[in-house]
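Participant: Starting off with a structure, shown below.
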Amino acid sequence: MTVADTISHAQSAFRGRYHRDADFGAAAPGRVNLIGGHVDYNDGFVLPMAIDRYTVLLACQNKGHVARFFSSQLDETFEFDLTRRLVPGELGHWGNYVLGVVSGFLETGVELPGFDALIHSSVPTGGGLSSSAALEVGVATLLERMADLSLDKSHKALLCHQAENEFAGVPCGIMDPFASVFGEKGRLVKIDCRSREVELIDWPDGQVTVLIINSNAPHQLVDGAYAERKYQASQALRKLEVDSYRELSLEQLEAGRTRLDAIEFRRARHVVTELMRAEACASMIQTGNWDKAGQQLYQSHDSLRDDYEVSCRELDLLVETGKEIGRTGGVFGARMTGGGFGGCVVLLVRTADVEEIAASIQTRYQIETGIEASSFSSSPARGAFAFVP
Ligand code: GLA
């Protein structure tokens, strides 16, 4: 499935809905994070890339002051008046993401005409591939086009982050919108979540591919458990009287162990070690050292499972199966990705073996869990862009 396919589906749905062609178009990708799990809200380094799955928005102006959004897949519409103050939480689930971005735009003083829009997406929902950031960044990119302006990229990503936190009530970090905005074809997006600086890292060769396997395991406890982890990690810092995880070494953490309870200690140990792994892994990928990079992924998974406790049986099984196939079978490394408790695992695999590897992991998974996993491979894809439909 290419972005061109998604755009063309969106165009025919637009005609069916509004009986005309659109004047404005925008597309924003989902993302997968290679390493740096649960550290974006802990001042860490993360290494995501945009994936070849996009949320496409098309629009034309209408004669009034109403913004109207139709989701072709959910067959749902919502609309609101652009001349009044927009309030967090006033729309249903996905409407709040959109509302938050529009509100952020209006707050900068930009004037928007009334418009009719359509949303069509190929980013799987609920799989930890950031369908919400793709929607927010897609809306922001569409609005830029309609208002004929171009926001600073970081500002745009932060506006989307704020929308998700304040309007949708999800206390996530900054990684997802940054990856969707800054992604470039053939490049990973290394983000320093403390300074918010972005470094693009070239994917060194075509010999190795990123394989994403969705466990399709039902998400459980996700929202509450995410906020709880965030709280525990920040409590550990507070008790150690350190301002940022960037200033905490493993030795200092060990020395302060008695000041923390056992859970806080483990949460902090995950963050401190994951920061080191993410930095190391980025340089290993840069130099094409896949064996070592893959080891960092396995260690990241172990730490997320044991210290941060955000994995689940299904994700562990997928990673274990990858490990058993091993280097000789073409798997360099694997880990859970995204928020956890279900969702996807990400694997670094030899390109020539990708289909065979996916099939054998999925077969074993189905036998052991009774659940059918789904998979696709992606190279680093292009970030959000606007287009003339
Ligand atoms: C979710 C959040 C991200 C990040 C990951 C964990 O995907 O949206 O901000 O915290 O979990 O790495």
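Scheme for the structure tokens: letters A, B, ... for chains in order shown; per-chain residue numbers from 1; ligand numbers from 1 in order shown.
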Near Leu129 of chain A, counting only C-alpha atoms, which residues have an atom at most 9 Å away, once you skip same-chain residues fewer than 2 positions from it, shown as a ChimeraX atom specification?

Facilitator: /A:30-33,51,123-127,131-133,176,337-338,343-344

Participant: Throw together the list of residues within 7 Å of ligand 1, counting only C-alpha atoms and all ligand atoms, and drop it here as a PyMOL selection string.

Facilitator: chain A and resi 36-41+128+130+172-176+337-339

Participant: Go ahead and write the residues just picked, N, CA, C and O atoms, as a PDB file, in the first residue's frame.

Facilitator:
```
ATOM      1  N   GLY A  36      14.466   3.440  22.539  1.00  0.00           N
ATOM      2  CA  GLY A  36      14.169   4.613  23.366  1.00  0.00           C
ATOM      3  C   GLY A  36      12.718   4.497  23.829  1.00  0.00           C
ATOM      4  O   GLY A  36      11.901   5.372  23.558  1.00  0.00           O
ATOM      5  N   GLY A  37      12.417   3.383  24.510  1.00  0.00           N
ATOM      6  CA  GLY A  37      11.042   3.127  24.933  1.00  0.00           C
ATOM      7  C   GLY A  37      10.728   3.824  26.252  1.00  0.00           C
ATOM      8  O   GLY A  37      11.463   3.689  27.233  1.00  0.00           O
ATOM      9  N   HIS A  38       9.664   4.597  26.274  1.00  0.00           N
ATOM     10  CA  HIS A  38       9.203   5.308  27.467  1.00  0.00           C
ATOM     11  C   HIS A  38      10.253   6.268  28.018  1.00  0.00           C
ATOM     12  O   HIS A  38      10.360   6.444  29.226  1.00  0.00           O
ATOM     13  N   VAL A  39      11.035   6.849  27.149  1.00  0.00           N
ATOM     14  CA  VAL A  39      11.969   7.873  27.642  1.00  0.00           C
ATOM     15  C   VAL A  39      11.698   9.250  27.040  1.00  0.00           C
ATOM     16  O   VAL A  39      12.348  10.213  27.412  1.00  0.00           O
ATOM     17  N   ASP A  40      10.723   9.351  26.134  1.00  0.00           N
ATOM     18  CA  ASP A  40      10.496  10.683  25.540  1.00  0.00           C
ATOM     19  C   ASP A  40       9.954  11.665  26.573  1.00  0.00           C
ATOM     20  O   ASP A  40      10.205  12.864  26.478  1.00  0.00           O
ATOM     21  N   TYR A  41       9.243  11.158  27.597  1.00  0.00           N
ATOM     22  CA  TYR A  41       8.774  12.055  28.658  1.00  0.00           C
ATOM     23  C   TYR A  41       9.741  12.034  29.849  1.00  0.00           C
ATOM     24  O   TYR A  41       9.423  12.500  30.930  1.00  0.00           O
ATOM     25  N   GLY A 128      -0.147   0.993  18.438  1.00  0.00           N
ATOM     26  CA  GLY A 128       1.094   1.630  18.880  1.00  0.00           C
ATOM     27  C   GLY A 128       1.906   2.200  17.727  1.00  0.00           C
ATOM     28  O   GLY A 128       3.112   2.384  17.838  1.00  0.00           O
ATOM     29  N   SER A 130       0.988   5.090  16.290  1.00  0.00           N
ATOM     30  CA  SER A 130       0.748   6.524  16.320  1.00  0.00           C
ATOM     31  C   SER A 130      -0.277   7.023  15.312  1.00  0.00           C
ATOM     32  O   SER A 130      -0.057   8.029  14.633  1.00  0.00           O
ATOM     33  N   CYS A 172       0.910  11.761  26.774  1.00  0.00           N
ATOM     34  CA  CYS A 172       2.053  11.180  26.042  1.00  0.00           C
ATOM     35  C   CYS A 172       3.232  12.157  25.943  1.00  0.00           C
ATOM     36  O   CYS A 172       3.101  13.345  26.244  1.00  0.00           O
ATOM     37  N   GLY A 173       4.360  11.646  25.474  1.00  0.00           N
ATOM     38  CA  GLY A 173       5.553  12.467  25.267  1.00  0.00           C
ATOM     39  C   GLY A 173       5.552  13.088  23.868  1.00  0.00           C
ATOM     40  O   GLY A 173       4.549  13.003  23.141  1.00  0.00           O
ATOM     41  N   ILE A 174       6.697  13.665  23.477  1.00  0.00           N
ATOM     42  CA  ILE A 174       6.728  14.441  22.224  1.00  0.00           C
ATOM     43  C   ILE A 174       7.124  13.612  21.005  1.00  0.00           C
ATOM     44  O   ILE A 174       7.085  14.102  19.881  1.00  0.00           O
ATOM     45  N   MET A 175       7.524  12.352  21.208  1.00  0.00           N
ATOM     46  CA  MET A 175       8.111  11.592  20.101  1.00  0.00           C
ATOM     47  C   MET A 175       7.214  11.480  18.863  1.00  0.00           C
ATOM     48  O   MET A 175       7.689  11.677  17.738  1.00  0.00           O
ATOM     49  N   ASP A 176       5.950  11.124  19.075  1.00  0.00           N
ATOM     50  CA  ASP A 176       5.109  10.751  17.935  1.00  0.00           C
ATOM     51  C   ASP A 176       4.908  11.895  16.934  1.00  0.00           C
ATOM     52  O   ASP A 176       5.164  11.714  15.739  1.00  0.00           O
ATOM     53  N   THR A 337       7.420  -2.057  20.904  1.00  0.00           N
ATOM     54  CA  THR A 337       7.533  -0.643  20.547  1.00  0.00           C
ATOM     55  C   THR A 337       6.229   0.052  20.896  1.00  0.00           C
ATOM     56  O   THR A 337       5.188  -0.599  20.994  1.00  0.00           O
ATOM     57  N   GLY A 338       6.274   1.350  21.124  1.00  0.00           N
ATOM     58  CA  GLY A 338       5.056   2.083  21.503  1.00  0.00           C
ATOM     59  C   GLY A 338       4.800   1.970  22.995  1.00  0.00           C
ATOM     60  O   GLY A 338       5.696   1.632  23.771  1.00  0.00           O
ATOM     61  N   GLY A 339       3.584   2.225  23.391  1.00  0.00           N
ATOM     62  CA  GLY A 339       3.240   2.277  24.813  1.00  0.00           C
ATOM     63  C   GLY A 339       3.294   0.928  25.513  1.00  0.00           C
ATOM     64  O   GLY A 339       3.554   0.845  26.699  1.00  0.00           O
TER      65      GLY A 339
END
```

Participant: In Å, rounded to a single decimal, give me how far atom CA of Phe341 of chain A is from atom CA of Ser311 of chain A.

Facilitator: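 That distance, rounded to one decimal, is 5.0 Å.
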
Participant: Here is a test: counting only C-alpha atoms, which residue of A:Leu57, A:Ala255, A:Val271, A:Ile263 is nearest to Phe385 of chain A?

Facilitator: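 Using only C-alpha atoms, the shortest distance to Phe385 of chain A belongs to A:Leu57.
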
Participant: Let me make sure I understand: among A:Asp52, A:Glu111, A:Asp306, A:Glu90, which one has the smallest atom-to-atom distance to Val3 of chain A if we use only C-alpha atoms?

Facilitator: A:Asp52

Participant: Which of segment 40-177 of chain A counts as alpha helix (DSSP H) under DSSP, as a ChimeraX atom specification please?

Facilitator: /A:93-107,131-147,153-162,175-177

Participant: Write to file, as a compact mmCIF listing (two decimals), in the first residue's frame, the residues of the selection just made, with N, CA and C atoms.

Facilitator:
```
# COMPACT_ATOMS: atom_id res chain seq x y z
N HIS A 93 -14.31 10.74 20.85
CA HIS A 93 -12.91 10.34 20.95
C HIS A 93 -11.96 10.98 19.92
N TRP A 94 -12.09 10.63 18.65
CA TRP A 94 -11.10 11.12 17.68
C TRP A 94 -11.31 12.59 17.36
N GLY A 95 -12.55 13.09 17.56
CA GLY A 95 -12.82 14.49 17.29
C GLY A 95 -11.98 15.42 18.15
N ASN A 96 -11.65 14.97 19.36
CA ASN A 96 -10.88 15.84 20.25
C ASN A 96 -9.45 16.09 19.76
N TYR A 97 -8.88 15.11 19.08
CA TYR A 97 -7.53 15.31 18.52
C TYR A 97 -7.57 16.44 17.48
N VAL A 98 -8.60 16.36 16.65
CA VAL A 98 -8.74 17.36 15.59
C VAL A 98 -9.03 18.73 16.20
N LEU A 99 -9.96 18.74 17.13
CA LEU A 99 -10.36 19.99 17.77
C LEU A 99 -9.15 20.67 18.43
N GLY A 100 -8.32 19.87 19.08
CA GLY A 100 -7.15 20.41 19.76
C GLY A 100 -6.20 21.10 18.80
N VAL A 101 -6.00 20.51 17.64
CA VAL A 101 -5.08 21.11 16.66
C VAL A 101 -5.69 22.39 16.08
N VAL A 102 -6.97 22.34 15.74
CA VAL A 102 -7.61 23.53 15.19
C VAL A 102 -7.56 24.66 16.23
N SER A 103 -7.83 24.30 17.48
CA SER A 103 -7.81 25.30 18.53
C SER A 103 -6.41 25.92 18.68
N GLY A 104 -5.38 25.07 18.64
CA GLY A 104 -4.01 25.55 18.74
C GLY A 104 -3.69 26.52 17.60
N PHE A 105 -4.19 26.23 16.44
CA PHE A 105 -3.98 27.09 15.28
C PHE A 105 -4.65 28.45 15.47
N LEU A 106 -5.91 28.39 15.90
CA LEU A 106 -6.65 29.65 16.05
C LEU A 106 -6.01 30.52 17.11
N GLU A 107 -5.45 29.86 18.14
CA GLU A 107 -4.81 30.63 19.21
C GLU A 107 -3.59 31.42 18.74
N SER A 131 -1.40 6.34 15.25
CA SER A 131 -2.46 6.84 14.38
C SER A 131 -2.94 8.21 14.88
N SER A 132 -2.84 8.45 16.19
CA SER A 132 -3.32 9.74 16.69
C SER A 132 -2.40 10.88 16.25
N ALA A 133 -1.09 10.67 16.33
CA ALA A 133 -0.17 11.73 15.87
C ALA A 133 -0.32 11.95 14.37
N ALA A 134 -0.55 10.86 13.61
CA ALA A 134 -0.73 11.02 12.16
C ALA A 134 -1.95 11.89 11.88
N LEU A 135 -2.99 11.70 12.67
CA LEU A 135 -4.20 12.52 12.50
C LEU A 135 -3.92 13.98 12.87
N GLU A 136 -3.29 14.19 14.01
CA GLU A 136 -3.03 15.57 14.45
C GLU A 136 -2.12 16.30 13.45
N VAL A 137 -1.03 15.63 13.07
CA VAL A 137 -0.07 16.28 12.17
C VAL A 137 -0.71 16.47 10.78
N GLY A 138 -1.56 15.52 10.38
CA GLY A 138 -2.28 15.66 9.11
C GLY A 138 -3.18 16.90 9.15
N VAL A 139 -3.90 17.08 10.24
CA VAL A 139 -4.78 18.26 10.36
C VAL A 139 -3.93 19.54 10.35
N ALA A 140 -2.83 19.54 11.11
CA ALA A 140 -1.99 20.75 11.17
C ALA A 140 -1.45 21.08 9.77
N THR A 141 -1.06 20.06 9.03
CA THR A 141 -0.50 20.29 7.69
C THR A 141 -1.57 20.80 6.73
N LEU A 142 -2.77 20.29 6.87
CA LEU A 142 -3.88 20.78 6.05
C LEU A 142 -4.17 22.25 6.36
N LEU A 143 -4.18 22.59 7.65
CA LEU A 143 -4.48 23.96 8.03
C LEU A 143 -3.40 24.93 7.55
N GLU A 144 -2.15 24.48 7.60
CA GLU A 144 -1.06 25.32 7.08
C GLU A 144 -1.34 25.66 5.62
N ARG A 145 -1.73 24.63 4.89
CA ARG A 145 -1.99 24.79 3.45
C ARG A 145 -3.14 25.77 3.24
N MET A 146 -4.21 25.58 4.02
CA MET A 146 -5.40 26.41 3.81
C MET A 146 -5.14 27.86 4.21
N ALA A 147 -4.31 28.04 5.26
CA ALA A 147 -4.03 29.40 5.72
C ALA A 147 -2.82 29.99 4.98
N LYS A 153 8.83 23.65 12.14
CA LYS A 153 8.50 22.23 12.32
C LYS A 153 8.33 21.82 13.78
N SER A 154 9.25 22.31 14.65
CA SER A 154 9.13 21.95 16.06
C SER A 154 7.86 22.53 16.66
N HIS A 155 7.57 23.75 16.28
CA HIS A 155 6.37 24.42 16.79
C HIS A 155 5.12 23.62 16.40
N LYS A 156 5.13 23.15 15.15
CA LYS A 156 3.98 22.37 14.66
C LYS A 156 3.84 21.06 15.45
N ALA A 157 4.96 20.38 15.68
CA ALA A 157 4.90 19.12 16.42
C ALA A 157 4.45 19.37 17.86
N LEU A 158 4.92 20.47 18.45
CA LEU A 158 4.54 20.76 19.84
C LEU A 158 3.06 21.16 19.95
N LEU A 159 2.58 21.83 18.91
CA LEU A 159 1.15 22.17 18.88
C LEU A 159 0.31 20.88 18.89
N CYS A 160 0.76 19.89 18.13
CA CYS A 160 0.04 18.60 18.07
C CYS A 160 0.15 17.87 19.41
N HIS A 161 1.33 17.93 20.01
CA HIS A 161 1.54 17.30 21.32
C HIS A 161 0.60 17.90 22.36
N GLN A 162 0.48 19.22 22.31
CA GLN A 162 -0.40 19.92 23.25
C GLN A 162 -1.86 19.52 23.02
N MET A 175 7.52 12.35 21.21
CA MET A 175 8.11 11.59 20.10
C MET A 175 7.21 11.48 18.86
N ASP A 176 5.95 11.12 19.07
CA ASP A 176 5.11 10.75 17.93
C ASP A 176 4.91 11.89 16.93
N PRO A 177 4.46 13.08 17.39
CA PRO A 177 4.31 14.14 16.40
C PRO A 177 5.65 14.59 15.79
```

Participant: Between atom CA of Gln207 of chain A and atom CA of Thr287 of chain A, what is the distance, to one decimal in Å?

Facilitator: 13.1 Å

Participant: Running DSSP on the backbone, which parts of segment 49-183 of chain A land in strand (DSSP E or B), as a VMD selection string?

Facilitator: chain A and resid 49 to 61 66 to 71 76 to 81 115 to 121

Participant: Can you spit out the residues from that selection as an mmCIF file, in the first residue's frame, using C-alpha atoms?

Facilitator:
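Written output follows (result-v9.cif):
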```cif
data_model
loop_
_atom_site.group_PDB
_atom_site.id
_atom_site.type_symbol
_atom_site.label_atom_id
_atom_site.label_comp_id
_atom_site.auth_asym_id
_atom_site.auth_seq_id
_atom_site.Cartn_x
_atom_site.Cartn_y
_atom_site.Cartn_z
ATOM 1 C CA MET A 49 11.127 6.642 11.832
ATOM 2 C CA ALA A 50 8.075 7.550 9.799
ATOM 3 C CA ILE A 51 6.416 4.481 8.254
ATOM 4 C CA ASP A 52 4.766 3.966 4.907
ATOM 5 C CA ARG A 53 1.278 4.304 6.380
ATOM 6 C CA TYR A 54 -0.426 7.672 6.110
ATOM 7 C CA THR A 55 -3.439 9.624 7.264
ATOM 8 C CA VAL A 56 -4.687 11.695 4.357
ATOM 9 C CA LEU A 57 -6.870 14.790 4.671
ATOM 10 C CA LEU A 58 -8.641 16.512 1.816
ATOM 11 C CA ALA A 59 -10.674 19.714 2.024
ATOM 12 C CA CYS A 60 -12.473 22.468 0.189
ATOM 13 C CA GLN A 61 -13.723 25.772 1.540
ATOM 14 C CA VAL A 66 -18.043 25.799 10.088
ATOM 15 C CA ALA A 67 -15.220 23.247 10.074
ATOM 16 C CA ARG A 68 -16.627 19.869 9.090
ATOM 17 C CA PHE A 69 -14.669 16.599 9.273
ATOM 18 C CA PHE A 70 -15.879 13.312 7.843
ATOM 19 C CA SER A 71 -14.045 10.050 8.517
ATOM 20 C CA GLU A 76 -18.724 9.614 11.239
ATOM 21 C CA THR A 77 -18.926 13.380 10.881
ATOM 22 C CA PHE A 78 -18.473 16.162 13.346
ATOM 23 C CA GLU A 79 -18.451 19.898 12.918
ATOM 24 C CA PHE A 80 -17.871 23.008 14.949
ATOM 25 C CA ASP A 81 -18.095 26.763 14.575
ATOM 26 C CA PHE A 115 -14.222 24.133 5.229
ATOM 27 C CA ASP A 116 -15.428 20.603 4.525
ATOM 28 C CA ALA A 117 -12.762 17.946 5.096
ATOM 29 C CA LEU A 118 -12.423 14.212 4.727
ATOM 30 C CA ILE A 119 -10.066 11.871 6.575
ATOM 31 C CA HIS A 120 -8.848 8.560 5.205
ATOM 32 C CA SER A 121 -6.038 6.573 6.846
#
```

Participant: Which one is closest to Lys230 of chain A: A:Asp43, A:Asp75, A:Glu324, A:Asp148? Count only C-alpha atoms.

Facilitator: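 The answer is A:Asp43, which sits nearest to Lys230 of chain A.
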
Participant: At a cut-off of 8 Å, can you tabulate as JSON lines every residue of segment 198-223 of chain A near segment 181-189 of chain A together with its closest atom pair and the distance in Å to one decimal, using only C-alpha atoms and ordering rows by chain then number?

Facilitator:
```
{"residue": "A:Val198", "atom": "CA", "partner": "A:Val189", "partner_atom": "CA", "distance": 6.6}
{"residue": "A:Glu199", "atom": "CA", "partner": "A:Val189", "partner_atom": "CA", "distance": 6.1}
{"residue": "A:Leu200", "atom": "CA", "partner": "A:Val189", "partner_atom": "CA", "distance": 4.9}
{"residue": "A:Ile201", "atom": "CA", "partner": "A:Leu188", "partner_atom": "CA", "distance": 4.9}
{"residue": "A:Asp202", "atom": "CA", "partner": "A:Arg187", "partner_atom": "CA", "distance": 4.4}
{"residue": "A:Trp203", "atom": "CA", "partner": "A:Arg187", "partner_atom": "CA", "distance": 5.3}
```

Participant: Which is closer to Ile357 of chain A than all the others in A:Thr258, A:Gln299, A:Thr209, A:Ser12, using only C-alpha atoms?

Facilitator: A:Thr209

Participant: What is the atom CA of Ala262 of chain A to atom CA of Val310 of chain A distance in Å?

Facilitator: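 Atom CA of Val310 of chain A lies at a distance of 16.2 Å from atom CA of Ala262 of chain A.
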